[in-house]
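A.B. asks: Just one file: protein.cif, with mmCIF, C-alpha atoms (C1' of nucleotides).
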```cif
data_structure
loop_
_atom_site.label_atom_id
_atom_site.label_comp_id
_atom_site.auth_asym_id
_atom_site.auth_seq_id
_atom_site.Cartn_x
_atom_site.Cartn_y
_atom_site.Cartn_z
CA MET P 27 0.00 0.00 0.00
CA GLU P 28 1.23 3.44 -0.86
CA HIS P 29 2.66 5.66 1.81
CA ASN P 30 -0.04 8.31 2.10
CA LYS P 31 -2.73 5.70 2.56
CA THR P 32 -0.74 4.06 5.31
CA GLN P 33 -0.25 7.45 6.94
CA GLN P 34 -4.00 8.00 6.75
CA TYR P 35 -4.78 4.72 8.47
CA GLU P 36 -2.18 5.35 11.14
CA ASP P 37 -3.70 8.73 11.89
CA LEU P 38 -7.09 7.09 12.20
CA LEU P 39 -5.77 4.63 14.74
CA VAL P 40 -3.87 7.21 16.78
CA LYS P 41 -6.88 9.52 16.76
CA ASN P 42 -8.84 6.74 18.44
CA GLY P 43 -6.17 5.93 20.97
CA LEU P 44 -5.21 2.66 19.30
CA LYS P 45 -1.72 1.41 18.62
CA ARG P 46 -0.84 1.15 14.95
CA THR P 47 -0.14 -2.52 14.60
CA GLY P 48 0.40 -4.46 11.41
CA ALA P 49 -2.78 -6.43 11.84
CA ARG P 50 -4.94 -3.34 12.24
CA LEU P 51 -3.37 -1.59 9.28
CA GLN P 52 -3.91 -4.66 7.15
CA VAL P 53 -7.60 -4.88 8.08
CA LEU P 54 -8.09 -1.17 7.36
CA ASP P 55 -6.36 -1.56 4.01
CA ILE P 56 -8.55 -4.47 2.96
CA LEU P 57 -11.80 -2.85 4.06
CA SER P 58 -11.03 0.45 2.34
CA HIS P 59 -10.28 -1.23 -0.98
CA ARG P 60 -13.54 -3.15 -1.17
CA ASP P 61 -16.62 -1.76 -2.91
CA SER P 62 -18.99 -3.52 -0.53
CA ALA P 63 -19.19 -4.52 3.11
CA THR P 64 -16.87 -7.37 3.94
CA SER P 65 -17.91 -10.45 5.82
CA GLN P 66 -15.97 -11.87 8.71
CA PRO P 67 -15.44 -15.21 6.88
CA TYR P 68 -14.05 -13.37 3.84
CA LEU P 69 -11.59 -11.45 5.98
CA GLU P 70 -10.58 -14.66 7.70
CA ASN P 71 -9.83 -16.28 4.37
CA VAL P 72 -7.65 -13.39 3.27
CA VAL P 73 -5.65 -12.77 6.43
CA GLY P 74 -6.17 -16.05 8.23
CA LYS P 75 -2.56 -17.13 7.87
CA GLU P 76 -1.15 -13.91 9.24
CA ILE P 77 -3.72 -12.83 11.80
CA ASP P 78 -5.23 -15.08 14.42
CA ARG P 79 -8.98 -15.61 14.31
CA VAL P 80 -9.47 -14.16 17.76
CA THR P 81 -7.29 -11.16 17.01
CA LEU P 82 -9.28 -10.42 13.87
CA TYR P 83 -12.47 -10.76 15.86
CA ARG P 84 -11.19 -8.34 18.47
CA ILE P 85 -9.91 -5.85 15.92
CA LEU P 86 -13.32 -5.70 14.27
CA LYS P 87 -15.03 -5.31 17.63
CA THR P 88 -12.67 -2.51 18.66
CA PHE P 89 -13.03 -0.71 15.33
CA GLU P 90 -16.79 -0.89 15.61
CA GLU P 91 -16.77 0.49 19.15
CA LYS P 92 -14.54 3.37 18.09
CA GLY P 93 -16.75 4.24 15.14
CA ILE P 94 -14.11 3.38 12.55
CA ILE P 95 -16.23 0.73 10.89
CA HIS P 96 -19.87 -0.24 11.08
CA ARG P 97 -21.37 -3.67 11.17
CA VAL P 98 -24.27 -4.98 9.10
CA LEU P 99 -25.97 -8.31 9.57
CA ASP P 100 -26.96 -9.87 6.27
CA ASN P 101 -29.93 -12.17 5.70
CA HIS P 102 -28.06 -15.11 7.15
CA GLY P 103 -27.08 -13.30 10.33
CA THR P 104 -23.47 -13.07 9.19
CA ALA P 105 -21.56 -9.99 10.28
CA ASN P 106 -20.32 -7.70 7.50
CA TYR P 107 -18.07 -4.71 8.02
CA ALA P 108 -17.49 -1.48 6.13
CA ILE P 109 -15.51 1.64 6.86
CA CYS P 110 -17.78 4.44 8.04
CA SER P 111 -18.08 6.98 5.28
CA ASN P 112 -18.48 10.05 7.43
CA SER P 113 -16.98 10.89 10.74
CA CYS P 114 -18.49 8.57 13.27
CA THR P 115 -17.33 8.69 16.85
CA GLU P 116 -17.37 6.24 19.69
CA HIS P 117 -20.68 7.51 21.00
CA ASN P 118 -22.33 8.65 17.82
CA HIS P 119 -22.65 6.36 14.86
CA HIS P 120 -24.07 7.81 11.66
CA ASP P 121 -24.56 4.68 9.64
CA GLU P 122 -28.29 4.92 9.22
CA HIS P 123 -28.19 4.33 5.52
CA VAL P 124 -29.72 1.40 3.69
CA HIS P 125 -27.82 -1.79 2.96
CA PHE P 126 -28.42 -4.08 0.02
CA ASN P 127 -27.76 -7.79 0.38
CA CYS P 128 -27.51 -9.63 -2.94
CA ASN P 129 -29.06 -13.09 -2.78
CA ASN P 130 -26.86 -14.23 -5.64
CA CYS P 131 -23.30 -13.04 -4.93
CA LEU P 132 -24.07 -12.46 -1.24
CA ARG P 133 -22.38 -9.05 -1.32
CA VAL P 134 -23.56 -6.36 1.05
CA TYR P 135 -23.63 -2.87 -0.47
CA CYS P 136 -23.69 0.32 1.54
CA LEU P 137 -26.21 2.56 -0.20
CA ASP P 138 -24.85 5.70 1.43
CA GLU P 139 -27.14 7.98 -0.52
CA VAL P 140 -30.33 6.17 0.52
CA LYS P 141 -31.39 7.19 4.01
CA ILE P 142 -33.95 5.41 6.11
CA PRO P 143 -37.19 7.42 6.02
CA ALA P 144 -38.67 8.67 9.27
CA LEU P 145 -41.14 6.31 10.87
CA LYS P 146 -44.25 6.83 12.92
CA ILE P 147 -43.82 4.48 15.85
CA GLU P 148 -46.25 4.08 18.69
CA LYS P 149 -45.59 6.42 21.61
CA GLY P 150 -43.60 4.86 24.41
CA PHE P 151 -41.07 3.24 22.12
CA LYS P 152 -37.76 5.10 22.18
CA ILE P 153 -35.70 4.65 19.02
CA ASP P 154 -31.92 4.40 19.34
CA ASP P 155 -30.94 2.86 16.03
CA MET P 156 -32.38 1.67 12.76
CA ASN P 157 -31.15 -1.07 10.49
CA LEU P 158 -32.67 -1.58 7.06
CA VAL P 159 -31.38 -4.41 4.91
CA VAL P 160 -32.88 -4.78 1.46
CA SER P 161 -32.27 -8.06 -0.29
CA GLY P 162 -32.59 -9.03 -3.92
CA ILE P 163 -30.34 -9.15 -6.95
CA CYS P 164 -27.63 -6.53 -7.34
CA LYS P 165 -26.70 -4.54 -10.40
CA GLU P 166 -23.71 -6.63 -11.35
CA CYS P 167 -25.53 -9.94 -11.05
CA ASN P 168 -28.42 -8.57 -13.11
CA ASN P 169 -26.04 -7.39 -15.82
CA ALA P 170 -24.21 -10.70 -15.83
CA ASN P 171 -27.30 -12.53 -17.13
CA MET E 15 -54.96 -25.80 24.24
CA GLU E 16 -58.63 -25.66 23.42
CA HIS E 17 -60.02 -27.75 20.64
CA ASN E 18 -60.87 -25.12 18.03
CA LYS E 19 -57.38 -23.67 18.20
CA THR E 20 -55.90 -27.10 17.68
CA GLN E 21 -58.20 -27.61 14.72
CA GLN E 22 -57.03 -24.31 13.30
CA TYR E 23 -53.35 -25.27 13.59
CA GLU E 24 -54.00 -28.65 12.07
CA ASP E 25 -55.74 -27.07 9.10
CA LEU E 26 -52.76 -24.77 8.66
CA LEU E 27 -50.40 -27.73 8.53
CA VAL E 28 -52.53 -29.76 6.16
CA LYS E 29 -53.01 -26.75 3.90
CA ASN E 30 -49.24 -26.62 3.52
CA GLY E 31 -48.82 -30.31 2.93
CA LEU E 32 -47.31 -30.96 6.34
CA LYS E 33 -48.19 -33.75 8.69
CA ARG E 34 -49.83 -32.63 11.93
CA THR E 35 -47.37 -33.86 14.50
CA GLY E 36 -47.30 -33.09 18.19
CA ALA E 37 -44.09 -31.13 17.93
CA ARG E 38 -45.41 -28.87 15.18
CA LEU E 39 -48.67 -28.23 16.96
CA GLN E 40 -46.79 -27.36 20.11
CA VAL E 41 -44.57 -24.85 18.31
CA LEU E 42 -47.58 -23.25 16.65
CA ASP E 43 -49.36 -23.01 19.97
CA ILE E 44 -46.44 -21.30 21.67
CA LEU E 45 -45.81 -18.83 18.86
CA SER E 46 -49.46 -17.82 18.61
CA HIS E 47 -49.75 -17.08 22.30
CA ARG E 48 -46.76 -14.73 22.46
CA ASP E 49 -47.11 -10.98 22.04
CA SER E 50 -43.70 -10.64 20.42
CA ALA E 51 -41.46 -12.61 18.13
CA THR E 52 -39.92 -15.62 19.82
CA SER E 53 -36.25 -16.44 19.75
CA GLN E 54 -34.91 -19.86 18.99
CA PRO E 55 -33.18 -20.07 22.42
CA TYR E 56 -36.46 -19.21 24.16
CA LEU E 57 -38.29 -21.92 22.28
CA GLU E 58 -35.55 -24.36 23.10
CA ASN E 59 -35.90 -23.61 26.80
CA VAL E 60 -39.62 -24.20 26.71
CA VAL E 61 -39.83 -27.35 24.64
CA GLY E 62 -36.26 -28.60 24.95
CA LYS E 63 -37.21 -31.62 27.00
CA GLU E 64 -39.91 -32.76 24.65
CA ILE E 65 -38.61 -31.77 21.24
CA ASP E 66 -35.10 -32.40 20.00
CA ARG E 67 -33.06 -29.33 19.19
CA VAL E 68 -32.56 -30.41 15.60
CA THR E 69 -36.22 -31.17 15.14
CA LEU E 70 -37.13 -27.72 16.43
CA TYR E 71 -34.64 -26.19 14.06
CA ARG E 72 -36.13 -28.09 11.15
CA ILE E 73 -39.70 -27.27 12.12
CA LEU E 74 -38.90 -23.56 12.18
CA LYS E 75 -37.12 -23.79 8.84
CA THR E 76 -40.02 -25.66 7.28
CA PHE E 77 -42.59 -23.23 8.67
CA GLU E 78 -40.61 -20.31 7.33
CA GLU E 79 -40.34 -21.84 3.87
CA LYS E 80 -44.08 -22.51 3.80
CA GLY E 81 -44.89 -18.96 4.85
CA ILE E 82 -46.45 -20.01 8.16
CA ILE E 83 -44.02 -17.97 10.22
CA HIS E 84 -41.52 -15.26 9.42
CA ARG E 85 -38.03 -14.84 10.74
CA VAL E 86 -36.47 -11.66 12.09
CA LEU E 87 -32.84 -11.27 13.01
CA ASP E 88 -32.35 -9.08 16.05
CA ASN E 89 -29.35 -6.88 16.74
CA HIS E 90 -27.32 -9.84 17.90
CA GLY E 91 -28.02 -11.92 14.81
CA THR E 92 -30.31 -14.21 16.77
CA ALA E 93 -33.26 -15.62 14.85
CA ASN E 94 -36.71 -14.69 16.14
CA TYR E 95 -39.94 -16.14 14.83
CA ALA E 96 -43.51 -14.95 14.65
CA ILE E 97 -46.63 -16.26 13.00
CA CYS E 98 -47.35 -14.39 9.79
CA SER E 99 -50.31 -12.14 10.39
CA ASN E 100 -51.80 -12.26 6.92
CA SER E 101 -51.87 -15.08 4.46
CA CYS E 102 -48.35 -15.64 3.31
CA THR E 103 -47.59 -18.42 0.87
CA GLU E 104 -44.50 -20.39 0.07
CA HIS E 105 -43.52 -18.05 -2.72
CA ASN E 106 -44.92 -14.79 -1.47
CA HIS E 107 -44.09 -13.49 1.94
CA HIS E 108 -45.83 -10.34 3.12
CA ASP E 109 -43.93 -9.59 6.26
CA GLU E 110 -42.60 -6.22 5.22
CA HIS E 111 -43.52 -4.51 8.42
CA VAL E 112 -41.14 -2.93 10.89
CA HIS E 113 -39.70 -4.84 13.84
CA PHE E 114 -38.67 -3.30 17.13
CA ASN E 115 -35.85 -4.87 19.12
CA CYS E 116 -35.69 -3.72 22.73
CA ASN E 117 -32.14 -3.31 23.98
CA ASN E 118 -33.31 -3.86 27.54
CA CYS E 119 -35.65 -6.85 27.58
CA LEU E 120 -34.41 -8.06 24.17
CA ARG E 121 -37.95 -8.63 22.96
CA VAL E 122 -38.70 -8.34 19.26
CA TYR E 123 -42.03 -6.70 18.48
CA CYS E 124 -43.83 -7.01 15.17
CA LEU E 125 -45.13 -3.53 14.42
CA ASP E 126 -47.68 -4.78 11.93
CA GLU E 127 -49.20 -1.38 11.41
CA VAL E 128 -45.89 0.28 10.51
CA LYS E 129 -44.99 -0.46 6.92
CA ILE E 130 -41.57 0.12 5.40
CA PRO E 131 -41.73 3.24 3.22
CA ALA E 132 -40.92 2.94 -0.45
CA LEU E 133 -37.29 3.51 -1.29
CA LYS E 134 -35.55 5.00 -4.27
CA ILE E 135 -32.82 2.53 -5.07
CA GLU E 136 -30.39 2.80 -7.92
CA LYS E 137 -31.60 1.20 -11.12
CA GLY E 138 -30.26 -2.27 -11.71
CA PHE E 139 -30.91 -3.40 -8.18
CA LYS E 140 -33.94 -5.69 -7.97
CA ILE E 141 -35.61 -5.73 -4.58
CA ASP E 142 -37.04 -9.00 -3.30
CA ASP E 143 -37.38 -8.32 0.38
CA MET E 144 -36.89 -5.61 2.98
CA ASN E 145 -36.02 -6.03 6.63
CA LEU E 146 -36.15 -3.04 8.94
CA VAL E 147 -35.24 -3.56 12.57
CA VAL E 148 -35.52 -0.58 14.87
CA SER E 149 -33.79 -0.89 18.21
CA GLY E 150 -34.19 1.08 21.40
CA ILE E 151 -36.27 0.84 24.55
CA CYS E 152 -39.77 -0.59 24.33
CA LYS E 153 -42.94 0.75 25.88
CA GLU E 154 -43.00 -1.66 28.78
CA CYS E 155 -39.39 -1.09 29.75
CA ASN E 156 -39.91 2.68 29.59
CA ASN E 157 -42.97 2.44 31.83
CA ALA E 158 -41.16 0.19 34.28
CA ASN E 159 -38.76 2.99 35.23
"C1'" DC A 11 18.45 5.06 22.14
"C1'" DA A 12 17.67 1.93 25.84
"C1'" DT A 13 13.99 0.39 28.77
"C1'" DG A 14 9.78 -0.08 31.49
"C1'" DT A 15 4.81 -0.08 31.02
"C1'" DT A 16 0.75 -1.16 28.88
"C1'" DA A 17 -1.76 -2.61 25.03
"C1'" DA A 18 -2.11 -6.16 21.55
"C1'" DT A 19 -1.58 -10.68 19.97
"C1'" DG A 20 -1.56 -15.84 19.77
"C1'" DC A 21 -2.86 -20.05 21.75
"C1'" DA A 22 -5.83 -23.07 24.27
"C1'" DT A 23 -10.25 -23.73 25.40
"C1'" DC A 24 -15.22 -23.58 25.75
"C1'" DA A 25 -20.20 -22.34 24.50
"C1'" DT A 26 -23.65 -21.72 21.22
"C1'" DT A 27 -25.79 -22.28 16.91
"C1'" DA A 28 -26.29 -24.31 12.27
"C1'" DT A 29 -26.14 -28.45 9.65
"C1'" DT A 30 -25.91 -33.38 7.85
"C1'" DG A 31 -26.43 -38.54 7.81
"C1'" DC A 32 -28.79 -42.23 9.27
"C1'" DA A 33 -31.67 -45.32 11.87
"C1'" DT A 34 -36.16 -45.40 13.89
"C1'" DC A 35 -40.82 -44.06 14.48
"C1'" DA A 36 -45.30 -42.18 13.40
"C1'" DA A 37 -48.87 -40.26 10.28
"C1'" DT A 38 -51.66 -40.97 6.42
"C1'" DA A 39 -53.25 -43.49 2.34
"C1'" DA A 40 -54.39 -47.71 0.33
"C1'" DT O 23 -54.28 -53.28 8.90
"C1'" DT O 24 -50.42 -52.47 6.64
"C1'" DA O 25 -47.23 -50.13 3.43
"C1'" DT O 26 -45.14 -45.89 2.38
"C1'" DT O 27 -43.44 -41.67 3.06
"C1'" DG O 28 -42.46 -38.00 6.02
"C1'" DA O 29 -40.86 -36.65 10.65
"C1'" DT O 30 -38.09 -37.29 14.52
"C1'" DG O 31 -34.06 -38.33 17.58
"C1'" DC O 32 -29.31 -39.25 18.05
"C1'" DA O 33 -24.51 -38.75 16.86
"C1'" DA O 34 -21.32 -36.02 14.96
"C1'" DT O 35 -19.22 -31.93 12.70
"C1'" DA O 36 -18.45 -27.06 11.37
"C1'" DA O 37 -18.71 -22.19 12.08
"C1'" DT O 38 -18.86 -18.44 15.10
"C1'" DG O 39 -18.55 -15.88 19.48
"C1'" DA O 40 -16.17 -15.43 23.63
"C1'" DT O 41 -12.67 -15.69 27.78
"C1'" DG O 42 -8.17 -16.46 30.30
"C1'" DC O 43 -3.46 -16.24 30.17
"C1'" DA O 44 1.30 -16.08 28.71
"C1'" DT O 45 4.07 -13.71 25.40
"C1'" DT O 46 5.21 -10.02 22.35
"C1'" DA O 47 5.22 -5.54 20.39
"C1'" DA O 48 4.32 -0.52 20.62
"C1'" DC O 49 5.53 3.74 22.44
"C1'" DA O 50 6.35 7.02 26.12
"C1'" DT O 51 9.81 8.23 29.28
"C1'" DG O 52 14.03 9.11 30.81
#
```
Let's see the structure in the file written out as structure tokens.
C.D. replies:
Amino acid sequence: MEHNKTQQYEDLLVKNGLKRTGARLQVLDILSHRDSATSQPYLENVVGKEIDRVTLYRILKTFEEKGIIHRVLDNHGTANYAICSNSCTEHNHHDEHVHFNCNNCLRVYCLDEVKIPALKIEKGFKIDDMNLVVSGICKECNNAN
Amino acid sequence: MEHNKTQQYEDLLVKNGLKRTGARLQVLDILSHRDSATSQPYLENVVGKEIDRVTLYRILKTFEEKGIIHRVLDNHGTANYAICSNSCTEHNHHDEHVHFNCNNCLRVYCLDEVKIPALKIEKGFKIDDMNLVVSGICKECNNAN
DNA sequence: CATGTTAATGCATCATTATTGCATCAATAA
DNA sequence: TTATTGATGCAATAATGATGCATTAACATG
């Protein structure tokens, strides 16, 4: 990875009070070069020989807590991770955009431009977070036919 | 369970080409008497001594495929099940209502009256299903304070 | 630049959930 | 009443989430 990118990732880690380790930089590099959210099994396949399963698990958990990445559950309940597009913080996630889960290639897209519409919920229910996953066939899979 | 209810469940099974076994009737009875979606672990606790874990798993899977129940994943990726309110069929689920996952009591409510608003998704993406889970604090937990 | 402190990692281990194969049993049709 | 087919229970395995602990690496401090 080129130097400025590395610098960028290192800044991100330091900003969140995390040590800039090889494993964390590698995970950041992979996530930032993917065009869709990345599943835990995929990451494990890619870095499994270099990073321990538990370490990867903990890195993802830490990143999520710090607001560096956000987690989306796909239709199978599998965790998928993507770098937060805008500046999320530890106590204020802004990932309330729609996700698209392709039933064919299983990819999870972050549709950053599609926001979840406001809802009229019965009084008494206090909303903290919303998670909208749309499933179907994605653009690429449609074009491939 | 009273006789007419049992008759109703049996009809539901037969209508879907399923044999009316004790285990299936029991699952239907439990699900229909709950005011919120029921998690797999909860079901296992209740019927674990009478129904094998694998059998329960297969019953839920079969029911979901036939459109008898629908499945909602809560914030932890745990499967929750509820009887479909309107007439779903094997190839046409109509469970596109909003679900509310309480972060306190962990219950999953089916907000049948709250429909998911239409979305403007990029052309090329074909939508099959939508799953909106809102999380926060539910009415009962708010009142309990 | 050497070193002490603390965070991060790797390994072992365990719990839970999802899944399959197969033998047995029960429900329904004949 | 019995044959057939579906449903169940048991054994076993895989994937994932999680914890404890010893070791290692990062980085602040002198």
A.B. asks: Selection in question (the file shown): the PyMOL selection byres ((chain P and resi 47) around 12). Which residues does it include, as a VMD selection string?
C.D. replies: (chain P and resid 32 35 to 36 39 to 40 44 to 46 48 to 54 77 81 85) or (chain A and resid 17 to 19) or (chain O and resid 47 to 49)
A.B. asks: Residues within 12 Å of P:Lys149, please, as a list in words. Count only C-alpha atoms (C1' of nucleotides); anything in the same chain fewer than 6 positions from it doesn't count.
C.D. replies: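 Result of the neighbour search: Ile151, Cys152, Lys153, Glu154, Asn156 and Asn157 of chain E.
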A.B. asks: For the PyMOL selection byres ((chain P) within 10 of (chain E)), applied here, can you spell out every residue it catches as a PyMOL selection string?
C.D. replies: chain P and resi 98-105+124-129+137+139-169
A.B. asks: Step by step, gather every atom of stretch 144-163 of chain P that the file lists, find the box along x, y and z that holds them, add 5 Å on each side, and finally give centre and edge lengths in Å to one decimal, as AutoDock Vina command-line options.
C.D. replies:
```
--center_x -38.3 --center_y -0.2 --center_z 8.7 --size_x 25.9 --size_y 27.8 --size_z 41.4
```
A.B. asks: Check what the PyMOL selection byres ((chain O and resi 27) around 9) selects in the file above and give those residues as a ChimeraX atom specification.
C.D. replies: /A:38 /O:26,28
A.B. asks: Restricting the calculation to all atoms listed in the file: of P:Arg133, P:His123, P:Arg84, P:Lys92, which residue gets closest to chain O?
C.D. replies: P:Arg84
A.B. asks: Record the distance separating atom CA of E:Pro55 and atom CA of E:Leu74, expressed in Å with one decimal.
C.D. replies: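 It comes out at 12.2 Å.
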A.B. asks: Go through P:Val134, P:Val80, P:Ile94, P:Ile109 and flag the residue nearest chain O, using only C-alpha atoms (C1' of nucleotides) for the distances.
C.D. replies: P:Val80
A.B. asks: Restricting the calculation to only C-alpha atoms (C1' of nucleotides): of O:DA50, O:DA29, O:DA40, O:DA34, which residue gets closest to chain E?
C.D. replies: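 Smallest distance to chain E is found for O:DA29.
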A.B. asks: Need to verify the contact set: A:DA33, 12 Å, all atoms listed in the file, exclusion of same-chain residues closer than 6 positions in sequence. Can you return it as number ranges by chain?
C.D. replies: O: 30-33
A.B. asks: Quick one, how far is atom CA of P:Leu38 from atom C1' of O:DT38?
C.D. replies: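 Atom C1' of O:DT38 lies at a distance of 28.3 Å from atom CA of P:Leu38.
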A.B. asks: Which distance in Å separates atom CA of E:Ser53 and atom C1' of A:DC24, to one decimal?
C.D. replies: 23.0 Å
A.B. asks: Pick from E:Arg48, E:Arg67, E:His84, E:Lys75: nearest to chain O, with all atoms listed in the file counted?
C.D. replies: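 Distance minimum relative to chain O lands on E:Arg67.
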A.B. asks: Please determine the contact residues of chain A with respect to chain E at a cut-off of 9 Å, counting all atoms listed in the file, and supply them as a PyMOL selection string.
C.D. replies: chain A and resi 28-29+36-38
A.B. asks: Next, write the just-selected residues to a file, as a PDB file, in the frame of the given file, keeping C-alpha atoms (C1' of nucleotides) as the atom set.
C.D. replies:
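Resulting contents of again_7.pdb:
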```
ATOM      1  C1'  DA A  28     -26.290 -24.310  12.270  1.00  0.00           C
ATOM      2  C1'  DT A  29     -26.140 -28.450   9.650  1.00  0.00           C
ATOM      3  C1'  DA A  36     -45.300 -42.180  13.400  1.00  0.00           C
ATOM      4  C1'  DA A  37     -48.870 -40.260  10.280  1.00  0.00           C
ATOM      5  C1'  DT A  38     -51.660 -40.970   6.420  1.00  0.00           C
TER       6       DT A  38
END
```
